[in-house]
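Some notes on the structure that comes next.
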Amino acid sequence: MKFSTLQKMLWGLTAIAVVGFIFLQVSIREEQRADAPAFQADFELTDHRGRVQTDEDFAGRWMLVFFGFANCPDVCPTTLAEVAAVMDALGSDATRVQPLFISIDPERDTPEQLAEFVPAFDANIIGLTGTADQIKRTSETFRVYFEKIEEATSPDGYTMGHSSQLFLFDPQGGYVGSWTYGTPAEEILADLKARMSI
């Protein structure tokens, strides 16, 4: 069966129309996704001094938020050391930033335990903990993963697996971005300062 020139042209135009329609639908979806509001910081937890704190207590300041646990052998101390270096390098601008360490191990991380752990890195970092239910709700709000892993050689016979990114929230509590574990303090500092100057 042979196609006439007119039929070939019609098939060609139909193919172009289909591709154009698909492209338009993808573009609309991407635009809707870009316009969708990013998630907000939302929590009510107890700090390492025994005071109840919510996200609203930090309104007007940038928030650096990291989820971890005091018995963490490497990821948590390394990240908190990076945060401490960033805070130190910010100088007078450090008053505009509030670093938060949210425990994903409420069974062991009492306010007293966090009071020994968190200030060892930087006096400005606030450690937060709560009940198992509060921590679960908070982790869902921030979209982080954590789980208890049985490990005979760890304190109390278990350790915690968890997300390891450092989150940044703007002064209105809106999510701005995050850095993966291992990002150097210099890179975090440069990115943070650029965002704060906008």
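Scheme for the structure tokens: letters A, B, ... for chains in order shown; per-chain residue numbers from 1; ligand numbers from 1 in order shown.
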Backbone-only DSSP, strand (DSSP E or B) members of chain A, as a PyMOL selection string: chain A and resi 40+44-47+52-54+62-68+97-103+126-129+146-150+158-162+166-169+174-179
Excluding stretch 126-136 of chain A and residues on its chain fewer than 4 positions from it, collect all residues at most 8 Å away from it, counting only C-alpha atoms, and give them as number ranges by chain. A: 44-48, 98-104, 106-107, 109-111, 114-115, 118-119, 140
Store the residues of this selection in a file with N, CA and C atoms, as a PDB file, in the first residue's frame.
ATOM      1  N   GLU A  44       7.019  20.356  67.543  1.00  0.00           N
ATOM      2  CA  GLU A  44       6.901  20.757  68.946  1.00  0.00           C
ATOM      3  C   GLU A  44       7.648  19.701  69.750  1.00  0.00           C
ATOM      4  N   LEU A  45       8.836  20.085  70.219  1.00  0.00           N
ATOM      5  CA  LEU A  45       9.732  19.150  70.888  1.00  0.00           C
ATOM      6  C   LEU A  45      10.349  19.802  72.115  1.00  0.00           C
ATOM      7  N   THR A  46      11.055  19.013  72.905  1.00  0.00           N
ATOM      8  CA  THR A  46      11.705  19.523  74.112  1.00  0.00           C
ATOM      9  C   THR A  46      13.187  19.700  73.848  1.00  0.00           C
ATOM     10  N   ASP A  47      13.730  20.876  74.211  1.00  0.00           N
ATOM     11  CA  ASP A  47      15.147  21.118  73.938  1.00  0.00           C
ATOM     12  C   ASP A  47      16.038  20.544  75.035  1.00  0.00           C
ATOM     13  N   HIS A  48      17.342  20.660  74.851  1.00  0.00           N
ATOM     14  CA  HIS A  48      18.290  20.042  75.775  1.00  0.00           C
ATOM     15  C   HIS A  48      18.370  20.762  77.130  1.00  0.00           C
ATOM     16  N   GLN A  98      19.807  29.653  63.235  1.00  0.00           N
ATOM     17  CA  GLN A  98      19.621  28.769  64.382  1.00  0.00           C
ATOM     18  C   GLN A  98      19.846  27.324  63.952  1.00  0.00           C
ATOM     19  N   PRO A  99      20.950  26.703  64.402  1.00  0.00           N
ATOM     20  CA  PRO A  99      21.153  25.289  64.109  1.00  0.00           C
ATOM     21  C   PRO A  99      20.388  24.412  65.097  1.00  0.00           C
ATOM     22  N   LEU A 100      19.714  23.383  64.571  1.00  0.00           N
ATOM     23  CA  LEU A 100      18.922  22.461  65.394  1.00  0.00           C
ATOM     24  C   LEU A 100      19.348  21.019  65.119  1.00  0.00           C
ATOM     25  N   PHE A 101      19.511  20.260  66.199  1.00  0.00           N
ATOM     26  CA  PHE A 101      19.808  18.839  66.099  1.00  0.00           C
ATOM     27  C   PHE A 101      18.597  18.102  66.654  1.00  0.00           C
ATOM     28  N   ILE A 102      17.844  17.409  65.788  1.00  0.00           N
ATOM     29  CA  ILE A 102      16.631  16.706  66.207  1.00  0.00           C
ATOM     30  C   ILE A 102      16.936  15.221  66.334  1.00  0.00           C
ATOM     31  N   SER A 103      16.755  14.689  67.547  1.00  0.00           N
ATOM     32  CA  SER A 103      17.060  13.280  67.798  1.00  0.00           C
ATOM     33  C   SER A 103      16.016  12.364  67.166  1.00  0.00           C
ATOM     34  N   ILE A 104      16.511  11.258  66.610  1.00  0.00           N
ATOM     35  CA  ILE A 104      15.614  10.214  66.102  1.00  0.00           C
ATOM     36  C   ILE A 104      15.696   8.983  67.015  1.00  0.00           C
ATOM     37  N   PRO A 106      14.577   8.796  70.663  1.00  0.00           N
ATOM     38  CA  PRO A 106      14.019   9.320  71.919  1.00  0.00           C
ATOM     39  C   PRO A 106      14.186   8.380  73.108  1.00  0.00           C
ATOM     40  N   GLU A 107      14.390   7.101  72.828  1.00  0.00           N
ATOM     41  CA  GLU A 107      14.562   6.118  73.895  1.00  0.00           C
ATOM     42  C   GLU A 107      15.809   6.425  74.734  1.00  0.00           C
ATOM     43  N   ASP A 109      17.975   9.416  73.891  1.00  0.00           N
ATOM     44  CA  ASP A 109      18.309  10.843  73.854  1.00  0.00           C
ATOM     45  C   ASP A 109      17.327  11.691  74.658  1.00  0.00           C
ATOM     46  N   THR A 110      17.516  11.687  75.961  1.00  0.00           N
ATOM     47  CA  THR A 110      16.741  12.544  76.853  1.00  0.00           C
ATOM     48  C   THR A 110      17.311  13.960  76.762  1.00  0.00           C
ATOM     49  N   PRO A 111      16.613  14.952  77.272  1.00  0.00           N
ATOM     50  CA  PRO A 111      17.199  16.303  77.292  1.00  0.00           C
ATOM     51  C   PRO A 111      18.549  16.327  78.002  1.00  0.00           C
ATOM     52  N   LEU A 114      21.208  14.979  75.639  1.00  0.00           N
ATOM     53  CA  LEU A 114      21.524  15.959  74.601  1.00  0.00           C
ATOM     54  C   LEU A 114      22.290  17.148  75.168  1.00  0.00           C
ATOM     55  N   ALA A 115      22.042  17.480  76.445  1.00  0.00           N
ATOM     56  CA  ALA A 115      22.744  18.595  77.085  1.00  0.00           C
ATOM     57  C   ALA A 115      24.236  18.308  77.219  1.00  0.00           C
ATOM     58  N   VAL A 118      25.260  17.917  72.575  1.00  0.00           N
ATOM     59  CA  VAL A 118      25.166  19.000  71.592  1.00  0.00           C
ATOM     60  C   VAL A 118      26.108  20.178  71.861  1.00  0.00           C
ATOM     61  N   PRO A 119      26.156  20.729  73.084  1.00  0.00           N
ATOM     62  CA  PRO A 119      27.027  21.888  73.302  1.00  0.00           C
ATOM     63  C   PRO A 119      28.513  21.608  73.109  1.00  0.00           C
ATOM     64  N   GLU A 140       8.065  12.751  59.719  1.00  0.00           N
ATOM     65  CA  GLU A 140       7.159  12.728  58.571  1.00  0.00           C
ATOM     66  C   GLU A 140       7.009  14.125  57.978  1.00  0.00           C
TER      67      GLU A 140
END
Which of stretch 46-103 of chain A end up as helix (DSSP H, G or I) when DSSP is run on this backbone - answer as a list in words?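 Here are the helix (DSSP H, G or I) residues of stretch 46-103 of chain A: Asp55, Glu56, Asp57, Phe58, Val75, Cys76, Pro77, Thr78, Thr79, Leu80, Ala81, Glu82, Val83, Ala84, Ala85, Val86, Met87, Asp88, Ala89, Leu90, Gly91, Ser92, Asp93, Ala94, Thr95 and Arg96 of chain A.
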May I have the selected residues written with N, CA, C and O atoms, as an mmCIF file, in the first residue's frame?
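Final file, result_2.cif:
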data_model
loop_
_atom_site.group_PDB
_atom_site.id
_atom_site.type_symbol
_atom_site.label_atom_id
_atom_site.label_comp_id
_atom_site.auth_asym_id
_atom_site.auth_seq_id
_atom_site.Cartn_x
_atom_site.Cartn_y
_atom_site.Cartn_z
ATOM 1 N N ASP A 55 8.595 25.282 65.990
ATOM 2 C CA ASP A 55 9.194 25.987 64.854
ATOM 3 C C ASP A 55 8.951 27.484 64.941
ATOM 4 O O ASP A 55 9.778 28.292 64.520
ATOM 5 N N GLU A 56 7.825 27.890 65.540
ATOM 6 C CA GLU A 56 7.485 29.312 65.641
ATOM 7 C C GLU A 56 8.444 30.077 66.548
ATOM 8 O O GLU A 56 8.598 31.292 66.414
ATOM 9 N N ASP A 57 9.109 29.362 67.461
ATOM 10 C CA ASP A 57 10.080 30.018 68.343
ATOM 11 C C ASP A 57 11.299 30.520 67.581
ATOM 12 O O ASP A 57 12.062 31.343 68.100
ATOM 13 N N PHE A 58 11.484 30.031 66.357
ATOM 14 C CA PHE A 58 12.655 30.420 65.577
ATOM 15 C C PHE A 58 12.284 31.266 64.363
ATOM 16 O O PHE A 58 13.104 31.458 63.463
ATOM 17 N N VAL A 75 28.546 9.862 61.366
ATOM 18 C CA VAL A 75 27.801 10.823 60.545
ATOM 19 C C VAL A 75 27.361 12.047 61.351
ATOM 20 O O VAL A 75 27.572 13.192 60.937
ATOM 21 N N CYS A 76 26.767 11.823 62.517
ATOM 22 C CA CYS A 76 26.234 12.933 63.323
ATOM 23 C C CYS A 76 27.337 13.837 63.857
ATOM 24 O O CYS A 76 27.256 15.062 63.702
ATOM 25 N N PRO A 77 28.382 13.283 64.505
ATOM 26 C CA PRO A 77 29.433 14.175 64.977
ATOM 27 C C PRO A 77 30.131 14.939 63.856
ATOM 28 O O PRO A 77 30.466 16.116 64.009
ATOM 29 N N THR A 78 30.319 14.275 62.713
ATOM 30 C CA THR A 78 30.962 14.946 61.578
ATOM 31 C C THR A 78 30.113 16.115 61.092
ATOM 32 O O THR A 78 30.621 17.221 60.858
ATOM 33 N N THR A 79 28.804 15.882 60.943
ATOM 34 C CA THR A 79 27.906 16.937 60.464
ATOM 35 C C THR A 79 27.819 18.080 61.469
ATOM 36 O O THR A 79 27.860 19.253 61.087
ATOM 37 N N LEU A 80 27.716 17.759 62.753
ATOM 38 C CA LEU A 80 27.649 18.818 63.765
ATOM 39 C C LEU A 80 28.943 19.619 63.814
ATOM 40 O O LEU A 80 28.928 20.833 64.063
ATOM 41 N N ALA A 81 30.068 18.980 63.571
ATOM 42 C CA ALA A 81 31.342 19.700 63.511
ATOM 43 C C ALA A 81 31.347 20.667 62.325
ATOM 44 O O ALA A 81 31.847 21.801 62.431
ATOM 45 N N GLU A 82 30.776 20.242 61.194
ATOM 46 C CA GLU A 82 30.667 21.122 60.024
ATOM 47 C C GLU A 82 29.754 22.310 60.335
ATOM 48 O O GLU A 82 30.058 23.455 59.978
ATOM 49 N N VAL A 83 28.632 22.029 60.998
ATOM 50 C CA VAL A 83 27.698 23.102 61.378
ATOM 51 C C VAL A 83 28.388 24.092 62.310
ATOM 52 O O VAL A 83 28.249 25.315 62.164
ATOM 53 N N ALA A 84 29.151 23.581 63.268
ATOM 54 C CA ALA A 84 29.880 24.448 64.200
ATOM 55 C C ALA A 84 30.870 25.337 63.451
ATOM 56 O O ALA A 84 31.011 26.533 63.757
ATOM 57 N N ALA A 85 31.556 24.765 62.457
ATOM 58 C CA ALA A 85 32.512 25.543 61.663
ATOM 59 C C ALA A 85 31.798 26.635 60.874
ATOM 60 O O ALA A 85 32.296 27.768 60.758
ATOM 61 N N VAL A 86 30.620 26.315 60.338
ATOM 62 C CA VAL A 86 29.822 27.304 59.603
ATOM 63 C C VAL A 86 29.406 28.438 60.534
ATOM 64 O O VAL A 86 29.548 29.622 60.195
ATOM 65 N N MET A 87 28.902 28.078 61.714
ATOM 66 C CA MET A 87 28.456 29.099 62.672
ATOM 67 C C MET A 87 29.608 30.013 63.073
ATOM 68 O O MET A 87 29.446 31.236 63.170
ATOM 69 N N ASP A 88 30.778 29.437 63.297
ATOM 70 C CA ASP A 88 31.943 30.221 63.679
ATOM 71 C C ASP A 88 32.350 31.174 62.559
ATOM 72 O O ASP A 88 32.658 32.344 62.800
ATOM 73 N N ALA A 89 32.319 30.690 61.321
ATOM 74 C CA ALA A 89 32.734 31.500 60.171
ATOM 75 C C ALA A 89 31.724 32.597 59.821
ATOM 76 O O ALA A 89 32.085 33.574 59.161
ATOM 77 N N LEU A 90 30.477 32.447 60.266
ATOM 78 C CA LEU A 90 29.460 33.459 59.974
ATOM 79 C C LEU A 90 29.706 34.759 60.741
ATOM 80 O O LEU A 90 29.204 35.821 60.364
ATOM 81 N N GLY A 91 30.467 34.700 61.820
ATOM 82 C CA GLY A 91 30.743 35.901 62.605
ATOM 83 C C GLY A 91 29.472 36.504 63.160
ATOM 84 O O GLY A 91 28.641 35.809 63.742
ATOM 85 N N SER A 92 29.283 37.802 62.940
ATOM 86 C CA SER A 92 28.106 38.493 63.490
ATOM 87 C C SER A 92 26.800 38.022 62.848
ATOM 88 O O SER A 92 25.724 38.161 63.441
ATOM 89 N N ASP A 93 26.876 37.442 61.646
ATOM 90 C CA ASP A 93 25.671 36.932 60.976
ATOM 91 C C ASP A 93 25.149 35.653 61.625
ATOM 92 O O ASP A 93 24.049 35.198 61.308
ATOM 93 N N ALA A 94 25.925 35.065 62.539
ATOM 94 C CA ALA A 94 25.495 33.830 63.205
ATOM 95 C C ALA A 94 24.208 34.035 63.998
ATOM 96 O O ALA A 94 23.436 33.094 64.189
ATOM 97 N N THR A 95 23.930 35.262 64.421
ATOM 98 C CA THR A 95 22.696 35.535 65.177
ATOM 99 C C THR A 95 21.458 35.376 64.298
ATOM 100 O O THR A 95 20.351 35.255 64.814
ATOM 101 N N ARG A 96 21.638 35.359 62.982
ATOM 102 C CA ARG A 96 20.521 35.209 62.048
ATOM 103 C C ARG A 96 20.219 33.750 61.730
ATOM 104 O O ARG A 96 19.274 33.451 61.002
#
For stretch 148-157 of chain A, list every protein, DNA or RNA residue within 9 Å, evaluated using only C-alpha atoms, and leave out those in the same chain fewer than 2 positions away; present the list as an NGL selection string. :A and (71 or 105 or 108 or 146 or 159-162)
Computed interatomic separation between atom CA of A:Gln40 and atom CA of A:Phe117 (Å): 27.0 Å
Which polymer residues have any atom within 8 Å of an atom of A:Asp170, counting only C-alpha atoms, with same-chain residues fewer than 2 positions away left out, as a CSV table (one decimal) with N, CA and C atoms, in the first residue's frame?
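The resulting around.csv:
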chain,number,residue,atom,x,y,z
A,61,ARG,N,14.5,33.7,61.8
A,61,ARG,CA,15.9,33.2,61.7
A,61,ARG,C,16.0,32.1,60.7
A,62,TRP,N,17.1,32.0,60.0
A,62,TRP,CA,17.3,30.8,59.1
A,62,TRP,C,17.6,29.6,60.1
A,63,MET,N,17.1,28.5,59.6
A,63,MET,CA,17.3,27.3,60.5
A,63,MET,C,18.1,26.2,59.7
A,168,LEU,N,18.1,23.3,55.2
A,168,LEU,CA,18.0,24.8,55.4
A,168,LEU,C,16.6,25.3,55.2
A,172,GLN,N,10.9,32.3,57.3
A,172,GLN,CA,9.5,32.0,57.4
A,172,GLN,C,9.2,30.5,57.7
A,173,GLY,N,10.2,29.8,57.8
A,173,GLY,CA,10.1,28.3,58.1
A,173,GLY,C,9.9,27.5,56.8
A,174,GLY,N,10.1,28.1,55.7
A,174,GLY,CA,9.9,27.4,54.4
A,174,GLY,C,11.2,26.7,54.0
A,175,TYR,N,11.1,25.5,53.4
A,175,TYR,CA,12.2,24.7,53.0
A,175,TYR,C,12.9,25.4,51.9
A,176,VAL,N,14.3,25.5,52.0
A,176,VAL,CA,15.1,26.2,50.9
A,176,VAL,C,15.9,25.2,50.2
